[in-house]
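Participant: Coordinates in query.cif, mmCIF, C-alpha atoms, are listed below.
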data_protein
loop_
_atom_site.label_atom_id
_atom_site.label_comp_id
_atom_site.auth_asym_id
_atom_site.auth_seq_id
_atom_site.Cartn_x
_atom_site.Cartn_y
_atom_site.Cartn_z
CA LEU A 1 -2.75 -31.41 -35.75
CA ALA A 2 -5.25 -32.96 -38.18
CA VAL A 3 -5.07 -30.16 -40.79
CA SER A 4 -2.37 -29.06 -43.19
CA GLU A 5 0.20 -26.46 -42.22
CA ALA A 6 -1.32 -24.00 -44.70
CA GLU A 7 -4.80 -24.40 -43.22
CA ARG A 8 -3.43 -24.15 -39.69
CA GLN A 9 -1.45 -20.98 -40.42
CA ALA A 10 -4.47 -19.40 -42.12
CA ALA A 11 -6.60 -20.10 -39.04
CA PHE A 12 -3.92 -18.66 -36.76
CA GLU A 13 -3.72 -15.53 -38.92
CA ARG A 14 -7.49 -15.09 -38.60
CA GLY A 15 -7.23 -15.52 -34.85
CA TRP A 16 -4.39 -12.99 -34.59
CA ALA A 17 -6.44 -10.47 -36.58
CA GLU A 18 -9.48 -11.06 -34.35
CA GLY A 19 -7.41 -10.52 -31.20
CA GLY A 20 -8.92 -10.83 -27.74
CA LEU A 21 -8.24 -13.48 -25.14
CA PHE A 22 -9.19 -16.43 -27.32
CA GLY A 23 -8.54 -15.31 -30.90
CA ILE A 24 -5.92 -17.98 -31.56
CA SER A 25 -6.47 -20.51 -28.76
CA ASN A 26 -10.09 -21.15 -29.80
CA LYS A 27 -9.29 -21.85 -33.45
CA PHE A 28 -8.58 -25.55 -32.78
CA ILE A 29 -9.91 -27.59 -29.88
CA ASP A 30 -6.67 -29.51 -29.28
CA ILE A 31 -4.68 -26.35 -28.48
CA GLY A 32 -5.94 -26.56 -24.91
CA THR A 33 -5.35 -30.30 -24.48
CA ASN A 34 -2.42 -31.34 -26.66
CA ALA A 35 1.07 -30.02 -25.92
CA ALA A 36 2.27 -30.47 -29.52
CA ALA A 37 -0.72 -28.59 -30.92
CA ASN A 38 -0.28 -25.87 -28.32
CA GLU A 39 3.38 -25.45 -29.21
CA LEU A 40 2.46 -24.78 -32.85
CA ALA A 41 0.13 -21.99 -31.75
CA ALA A 42 2.67 -20.65 -29.26
CA GLU A 43 5.41 -20.53 -31.87
CA PHE A 44 3.07 -18.65 -34.20
CA VAL A 45 2.59 -16.01 -31.48
CA ARG A 46 6.32 -15.88 -30.77
CA ASN A 47 7.03 -15.30 -34.46
CA LYS A 48 4.53 -12.44 -34.46
CA ILE A 49 6.38 -10.86 -31.52
CA ARG A 50 9.72 -11.33 -33.31
CA ALA A 51 8.30 -9.63 -36.39
CA ILE A 52 7.07 -6.63 -34.38
CA VAL A 53 9.93 -6.03 -31.91
CA LYS A 54 13.03 -4.88 -33.77
CA ASP A 55 15.67 -5.81 -31.18
CA PRO A 56 16.00 -9.62 -31.28
CA ASP A 57 17.10 -9.96 -27.65
CA THR A 58 14.13 -7.91 -26.45
CA ALA A 59 11.80 -9.90 -28.68
CA GLU A 60 13.01 -13.21 -27.26
CA ALA A 61 12.63 -11.92 -23.70
CA LEU A 62 9.00 -11.03 -24.50
CA CYS A 63 8.23 -14.45 -26.03
CA PRO A 64 6.16 -16.63 -23.65
CA ARG A 65 7.89 -19.96 -23.00
CA ASP A 66 7.30 -21.02 -19.39
CA HIS A 67 3.67 -22.14 -19.82
CA PRO A 68 1.40 -23.48 -22.57
CA LEU A 69 -0.27 -20.75 -24.61
CA GLY A 70 -3.59 -19.74 -23.05
CA THR A 71 -3.03 -21.35 -19.64
CA LYS A 72 -2.07 -17.94 -18.29
CA ARG A 73 -3.83 -14.74 -19.30
CA PRO A 74 -2.38 -13.70 -22.68
CA CYS A 75 -1.31 -10.13 -23.39
CA VAL A 76 -4.29 -8.44 -25.04
CA ASP A 77 -2.78 -5.25 -26.33
CA ILE A 78 -3.02 -2.19 -28.48
CA ASP A 79 0.54 -1.57 -29.71
CA TYR A 80 2.04 -3.13 -26.55
CA PHE A 81 4.86 -4.89 -28.36
CA GLU A 82 5.44 -1.86 -30.63
CA THR A 83 6.18 0.14 -27.49
CA TYR A 84 9.52 -1.67 -27.13
CA ASN A 85 10.70 -0.13 -30.41
CA ARG A 86 10.65 3.34 -28.87
CA ASP A 87 13.99 4.95 -28.00
CA ASN A 88 12.84 5.86 -24.48
CA VAL A 89 11.66 2.33 -23.56
CA VAL A 90 13.85 -0.49 -22.29
CA LEU A 91 12.87 -3.97 -21.17
CA VAL A 92 14.67 -5.30 -18.10
CA ASP A 93 14.43 -9.07 -17.72
CA VAL A 94 14.36 -9.57 -13.95
CA ARG A 95 14.82 -13.30 -14.41
CA SER A 96 18.37 -12.77 -15.64
CA ASP A 97 18.93 -9.41 -13.91
CA PRO A 98 16.90 -9.47 -10.66
CA ILE A 99 15.94 -6.40 -8.66
CA GLN A 100 18.19 -5.86 -5.67
CA GLU A 101 16.60 -2.81 -4.03
CA ILE A 102 14.50 0.31 -4.42
CA THR A 103 16.84 3.29 -4.12
CA GLY A 104 16.33 7.01 -3.64
CA LYS A 105 16.64 7.47 -7.39
CA GLY A 106 14.76 4.44 -8.71
CA VAL A 107 15.46 0.72 -8.96
CA ARG A 108 18.78 -1.07 -8.77
CA THR A 109 19.13 -4.47 -10.40
CA ARG A 110 22.13 -6.72 -10.08
CA LYS A 111 23.72 -5.06 -13.13
CA GLN A 112 22.79 -1.39 -12.85
CA GLU A 113 20.58 1.30 -11.33
CA TYR A 114 17.68 2.80 -13.29
CA GLU A 115 16.65 6.36 -12.42
CA LEU A 116 12.86 6.69 -12.42
CA ASP A 117 10.22 9.36 -11.84
CA ALA A 118 7.59 6.82 -10.78
CA ILE A 119 7.36 3.11 -9.98
CA VAL A 120 4.20 1.10 -10.65
CA PHE A 121 4.07 -2.06 -8.55
CA ALA A 122 2.26 -4.76 -10.55
CA THR A 123 2.69 -7.69 -8.20
CA GLY A 124 -0.42 -9.68 -9.13
CA PHE A 125 -3.12 -10.78 -6.74
CA ASP A 126 -4.47 -13.85 -4.96
CA ALA A 127 -7.42 -14.66 -7.20
CA ILE A 128 -10.56 -16.61 -6.24
CA THR A 129 -9.50 -17.56 -2.69
CA GLY A 130 -7.64 -14.42 -1.59
CA ALA A 131 -10.66 -12.29 -0.73
CA LEU A 132 -12.05 -15.13 1.41
CA THR A 133 -8.88 -16.18 3.23
CA ALA A 134 -8.13 -12.51 4.01
CA LEU A 135 -11.26 -12.47 6.18
CA SER A 136 -10.04 -15.30 8.46
CA ILE A 137 -13.50 -16.89 8.45
CA GLU A 138 -14.30 -19.16 11.39
CA GLY A 139 -16.91 -21.92 11.27
CA PRO A 140 -18.24 -24.34 13.90
CA GLY A 141 -15.38 -26.73 13.20
CA GLY A 142 -12.50 -24.32 12.72
CA SER A 143 -11.15 -21.79 10.26
CA LEU A 144 -11.63 -21.74 6.51
CA ASN A 145 -7.94 -20.94 6.10
CA ASP A 146 -6.95 -24.15 7.86
CA LYS A 147 -9.40 -26.19 5.80
CA TRP A 148 -8.02 -24.70 2.59
CA ALA A 149 -4.35 -24.91 3.60
CA ALA A 150 -3.74 -27.72 1.08
CA GLY A 151 -6.04 -26.17 -1.53
CA PRO A 152 -9.62 -24.85 -1.62
CA ARG A 153 -12.52 -27.25 -1.21
CA ALA A 154 -16.04 -26.16 -2.09
CA TYR A 155 -19.27 -27.47 -3.59
CA LEU A 156 -20.16 -25.85 -6.94
CA GLY A 157 -18.02 -22.89 -5.91
CA LEU A 158 -20.96 -21.74 -3.80
CA MET A 159 -20.46 -23.19 -0.32
CA SER A 160 -17.92 -25.16 1.73
CA ALA A 161 -18.76 -28.05 4.07
CA GLY A 162 -18.44 -27.09 7.71
CA PHE A 163 -19.36 -23.46 7.12
CA PRO A 164 -23.16 -23.19 7.25
CA ASN A 165 -24.82 -20.18 5.61
CA LEU A 166 -21.53 -19.03 4.07
CA PHE A 167 -22.37 -18.29 0.45
CA MET A 168 -19.59 -17.59 -2.03
CA VAL A 169 -19.96 -15.89 -5.40
CA THR A 170 -17.74 -17.28 -8.19
CA GLY A 171 -15.82 -19.19 -5.55
CA PRO A 172 -13.23 -21.95 -6.11
CA GLY A 173 -14.61 -24.77 -8.22
CA SER A 174 -17.08 -22.53 -10.07
CA PRO A 175 -16.59 -21.39 -13.68
CA SER A 176 -15.29 -18.05 -12.29
CA VAL A 177 -12.53 -16.61 -14.51
CA LEU A 178 -12.95 -19.31 -17.16
CA SER A 179 -16.34 -17.85 -18.01
CA ASN A 180 -17.85 -14.42 -18.55
CA VAL A 181 -17.49 -13.49 -14.88
CA VAL A 182 -20.27 -10.90 -14.84
CA VAL A 183 -22.74 -13.50 -16.10
CA SER A 184 -21.49 -16.08 -13.58
CA ILE A 185 -21.83 -13.57 -10.75
CA GLU A 186 -25.43 -12.84 -11.74
CA GLN A 187 -26.25 -16.55 -11.90
CA HIS A 188 -24.73 -17.15 -8.45
CA VAL A 189 -26.48 -14.17 -6.86
CA ASP A 190 -29.82 -15.30 -8.33
CA TRP A 191 -29.24 -18.81 -6.95
CA VAL A 192 -28.32 -17.53 -3.48
CA ALA A 193 -31.39 -15.26 -3.41
CA ASP A 194 -33.68 -18.14 -4.46
CA CYS A 195 -32.05 -20.38 -1.86
CA LEU A 196 -32.62 -17.86 0.94
CA ALA A 197 -36.24 -17.43 -0.12
CA TYR A 198 -36.70 -21.21 -0.01
CA LEU A 199 -35.12 -21.49 3.45
CA ARG A 200 -37.39 -18.77 4.85
CA ARG A 201 -40.45 -20.29 3.22
CA GLU A 202 -39.67 -23.71 4.71
CA GLY A 203 -38.73 -22.34 8.13
CA LEU A 204 -35.11 -23.54 7.83
CA THR A 205 -32.26 -21.64 9.45
CA THR A 206 -29.08 -23.27 8.11
CA ILE A 207 -27.77 -24.85 4.92
CA GLU A 208 -24.43 -26.37 3.96
CA PRO A 209 -23.18 -29.05 1.57
CA THR A 210 -22.27 -32.51 2.77
CA ALA A 211 -18.60 -33.44 2.87
CA THR A 212 -19.34 -36.26 0.40
CA ALA A 213 -20.93 -33.92 -2.15
CA GLU A 214 -18.05 -31.49 -1.76
CA ALA A 215 -15.43 -34.21 -2.24
CA GLY A 216 -17.21 -35.43 -5.35
CA TRP A 217 -17.34 -31.95 -6.84
CA VAL A 218 -13.66 -31.26 -6.10
CA THR A 219 -12.74 -34.55 -7.80
CA HIS A 220 -14.90 -33.68 -10.81
CA VAL A 221 -13.33 -30.24 -11.19
CA ASN A 222 -9.82 -31.69 -10.91
CA ASP A 223 -10.64 -34.41 -13.44
CA CYS A 224 -11.87 -31.79 -15.92
CA ALA A 225 -8.77 -29.64 -15.37
CA ASN A 226 -6.38 -32.58 -15.71
CA ILE A 227 -7.70 -33.29 -19.22
CA THR A 228 -6.36 -29.89 -20.28
CA LEU A 229 -2.94 -28.21 -20.25
CA TYR A 230 -4.04 -26.04 -17.32
#
Please express what this file holds, its structure, as structure tokens.
Facilitator:
Amino acid sequence: LAVSEAERQAAFERGWAEGGLFGISNKFIDIGTNAAANELAAEFVRNKIRAIVKDPDTAEALCPRDHPLGTKRPCVDIDYFETYNRDNVVLVDVRSDPIQEITGKGVRTRKQEYELDAIVFATGFDAITGALTALSIEGPGGSLNDKWAAGPRAYLGLMSAGFPNLFMVTGPGSPSVLSNVVVSIEQHVDWVADCLAYLRREGLTTIEPTATAEAGWVTHVNDCANITLY
């Protein structure tokens, strides 16, 4: 918001040309913290979509509006939006025309049935916590699922109080998907290996964070997140 419109648009154009997850959102630091600044970047992206997709109704349906730009994973594409200009491609907005059932021929929405050769279910996934809660882990004081019922609690994303010797890799409260995950995984694995070597060397059999340290870390993570539009 501190620069001229011409300078801002030029920076956005450079970011669009660079592409990737952060091409535009990293051009100015206030895009991630200021709703007005974010809206300028978001409208730039929406105008790009409108310029690419020929049908205006389809273009508007593809324009992200229900979250600040960058707070959900952006569409990193090669000719994704151009695909909607093809004669054999149609976009169905299931917000306005929800799916009613899967039929013998394809998919029936509230308005019509679409005959299909194949259906790809892209339903998303339970990131960060899902792989852990699916295991129904039990500790001395109860289950991890019960402890995390109101939200995950962990120290550094590595361990959770009440669950000794349970090491997590890129767990909740770690940089995880907000970093280069492969690098974060390597750092966590190295730490866990060093920790185990230390425990064996010192003749120790258990390790876990204190509830106080965990609470402090959870508060710190939430404070950092609340500064941003996430």
Participant: So that I can check the surroundings of Lys105 (chain A), please list as an mmCIF file with C-alpha atoms, in the coordinates of the input every protein, DNA and RNA residue that reaches within 12 Å of it, counting all atoms listed in the file and ignoring chain neighbours fewer than 3 positions away.
Facilitator:
data_model
loop_
_atom_site.group_PDB
_atom_site.id
_atom_site.type_symbol
_atom_site.label_atom_id
_atom_site.label_comp_id
_atom_site.auth_asym_id
_atom_site.auth_seq_id
_atom_site.Cartn_x
_atom_site.Cartn_y
_atom_site.Cartn_z
ATOM 1 C CA GLU A 101 16.600 -2.810 -4.030
ATOM 2 C CA ILE A 102 14.500 0.310 -4.420
ATOM 3 C CA ARG A 108 18.780 -1.070 -8.770
ATOM 4 C CA GLU A 113 20.580 1.300 -11.330
ATOM 5 C CA TYR A 114 17.680 2.800 -13.290
ATOM 6 C CA GLU A 115 16.650 6.360 -12.420
ATOM 7 C CA LEU A 116 12.860 6.690 -12.420
ATOM 8 C CA ASP A 117 10.220 9.360 -11.840
ATOM 9 C CA ALA A 118 7.590 6.820 -10.780
ATOM 10 C CA ILE A 119 7.360 3.110 -9.980
#
Participant: Let me make sure I understand: among A:Phe163, A:Trp217, A:Phe81, A:Tyr155, which one has the smallest atom-to-atom distance to Gly139 (chain A) if we use all atoms listed in the file?
Facilitator: A:Phe163
Participant: May I have the residues within 12 Å of Ala36 (chain A) as a PDB file with C-alpha atoms, in the frame of the given file, using only C-alpha atoms and disregarding those fewer than 3 positions away in the same chain?
Facilitator:
ATOM      1  CA  LEU A   1      -2.750 -31.410 -35.750  1.00  0.00           C
ATOM      2  CA  ALA A   2      -5.250 -32.960 -38.180  1.00  0.00           C
ATOM      3  CA  ASP A  30      -6.670 -29.510 -29.280  1.00  0.00           C
ATOM      4  CA  ILE A  31      -4.680 -26.350 -28.480  1.00  0.00           C
ATOM      5  CA  GLY A  32      -5.940 -26.560 -24.910  1.00  0.00           C
ATOM      6  CA  THR A  33      -5.350 -30.300 -24.480  1.00  0.00           C
ATOM      7  CA  GLU A  39       3.380 -25.450 -29.210  1.00  0.00           C
ATOM      8  CA  LEU A  40       2.460 -24.780 -32.850  1.00  0.00           C
ATOM      9  CA  ALA A  41       0.130 -21.990 -31.750  1.00  0.00           C
ATOM     10  CA  ALA A  42       2.670 -20.650 -29.260  1.00  0.00           C
ATOM     11  CA  GLU A  43       5.410 -20.530 -31.870  1.00  0.00           C
ATOM     12  CA  PRO A  68       1.400 -23.480 -22.570  1.00  0.00           C
ATOM     13  CA  LEU A  69      -0.270 -20.750 -24.610  1.00  0.00           C
ATOM     14  CA  LEU A 229      -2.940 -28.210 -20.250  1.00  0.00           C
TER      15      LEU A 229
END
Participant: Within 7 Å of region 172-177 of chain A, counting only C-alpha atoms, which residues qualify if same-chain residues fewer than 3 places away don't, as a ChimeraX atom specification?
Facilitator: /A:128-129,152,154,156-157,181,184,218,221
Participant: So which residues are close to (-7.6, -14.2, 7.3), meaning at most 12 Å away in the file's coordinates with all atoms listed in the file counted, and can you show them as a ChimeraX atom specification?
Facilitator: /A:129-138,143-146,148-149
Participant: As an exercise, work out the distance from CA of Glu214 (chain A) to CA of Leu199 (chain A) in Å and give it to one decimal place.
Facilitator: 20.5 Å
Participant: Can you list what the PyMOL selection byres ((chain A and resi 209) around 7) grabs from this structure, as a VMD selection string?
Facilitator: chain A and resid 155 159 to 161 208 210 to 211 213 to 214
Participant: Using all atoms listed in the file, which residue out of A:Cys75, A:Asp66, A:Asn85, A:His220 lies closest to Val53 (chain A)?
Facilitator: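 Residue with the minimum atom-to-atom distance to Val53 (chain A): A:Asn85.
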Participant: What gap, in Å, lies between CA of Gly15 (chain A) and CA of Pro64 (chain A)?
Facilitator: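 About the pair CA of Gly15 (chain A) and CA of Pro64 (chain A): they are 17.5 Å apart.
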Participant: Choose the residue, out of A:Gln9, A:Asn226, A:Gln187, A:Ser25, that has the smallest atom-to-atom separation from Lys72 (chain A); count only C-alpha atoms.
Facilitator: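 Nearest candidate to Lys72 (chain A) out of A:Gln9, A:Asn226, A:Gln187, A:Ser25: A:Ser25.
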Participant: To test your reading of the syntax: which residues would the PyMOL selection byres ((chain A and resi 22) around 12) return for the file shown? Reply as JSON, numbers by chain.
Facilitator: {"A": [12, 14, 15, 16, 17, 18, 19, 20, 21, 23, 24, 25, 26, 27, 28, 29, 31, 32, 41, 69, 70, 71, 72, 73, 74, 75, 76, 178, 179]}
Participant: Keeping C-alpha atoms for every residue in the selection just given, could you write it to a file as an mmCIF file, in the frame of the given file?
Facilitator:
data_model
loop_
_atom_site.group_PDB
_atom_site.id
_atom_site.type_symbol
_atom_site.label_atom_id
_atom_site.label_comp_id
_atom_site.auth_asym_id
_atom_site.auth_seq_id
_atom_site.Cartn_x
_atom_site.Cartn_y
_atom_site.Cartn_z
ATOM 1 C CA PHE A 12 -3.920 -18.660 -36.760
ATOM 2 C CA ARG A 14 -7.490 -15.090 -38.600
ATOM 3 C CA GLY A 15 -7.230 -15.520 -34.850
ATOM 4 C CA TRP A 16 -4.390 -12.990 -34.590
ATOM 5 C CA ALA A 17 -6.440 -10.470 -36.580
ATOM 6 C CA GLU A 18 -9.480 -11.060 -34.350
ATOM 7 C CA GLY A 19 -7.410 -10.520 -31.200
ATOM 8 C CA GLY A 20 -8.920 -10.830 -27.740
ATOM 9 C CA LEU A 21 -8.240 -13.480 -25.140
ATOM 10 C CA GLY A 23 -8.540 -15.310 -30.900
ATOM 11 C CA ILE A 24 -5.920 -17.980 -31.560
ATOM 12 C CA SER A 25 -6.470 -20.510 -28.760
ATOM 13 C CA ASN A 26 -10.090 -21.150 -29.800
ATOM 14 C CA LYS A 27 -9.290 -21.850 -33.450
ATOM 15 C CA PHE A 28 -8.580 -25.550 -32.780
ATOM 16 C CA ILE A 29 -9.910 -27.590 -29.880
ATOM 17 C CA ILE A 31 -4.680 -26.350 -28.480
ATOM 18 C CA GLY A 32 -5.940 -26.560 -24.910
ATOM 19 C CA ALA A 41 0.130 -21.990 -31.750
ATOM 20 C CA LEU A 69 -0.270 -20.750 -24.610
ATOM 21 C CA GLY A 70 -3.590 -19.740 -23.050
ATOM 22 C CA THR A 71 -3.030 -21.350 -19.640
ATOM 23 C CA LYS A 72 -2.070 -17.940 -18.290
ATOM 24 C CA ARG A 73 -3.830 -14.740 -19.300
ATOM 25 C CA PRO A 74 -2.380 -13.700 -22.680
ATOM 26 C CA CYS A 75 -1.310 -10.130 -23.390
ATOM 27 C CA VAL A 76 -4.290 -8.440 -25.040
ATOM 28 C CA LEU A 178 -12.950 -19.310 -17.160
ATOM 29 C CA SER A 179 -16.340 -17.850 -18.010
#
Participant: Need the shell around Val90 (chain A): protein/DNA/RNA residues with any atom at most 10 Å away, counting all atoms listed in the file. Skip same-chain ones fewer than 6 positions apart. Format as a list of chain:residue names?
Facilitator: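 Contacts, with the query itself left out: A:Thr58, A:Thr83, A:Tyr84.
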Participant: Take CA of Ala37 (chain A) and CA of Cys63 (chain A) and report the distance between them in Å, one decimal.
Facilitator: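 One can read the CA of Ala37 (chain A) to CA of Cys63 (chain A) distance as 17.4 Å.
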Participant: List, as a VMD selection string, every residue that the PyMOL selection byres ((chain A and resi 60) around 12) selects in the file provided.
Facilitator: chain A and resid 43 45 to 59 61 to 65 81 91 93
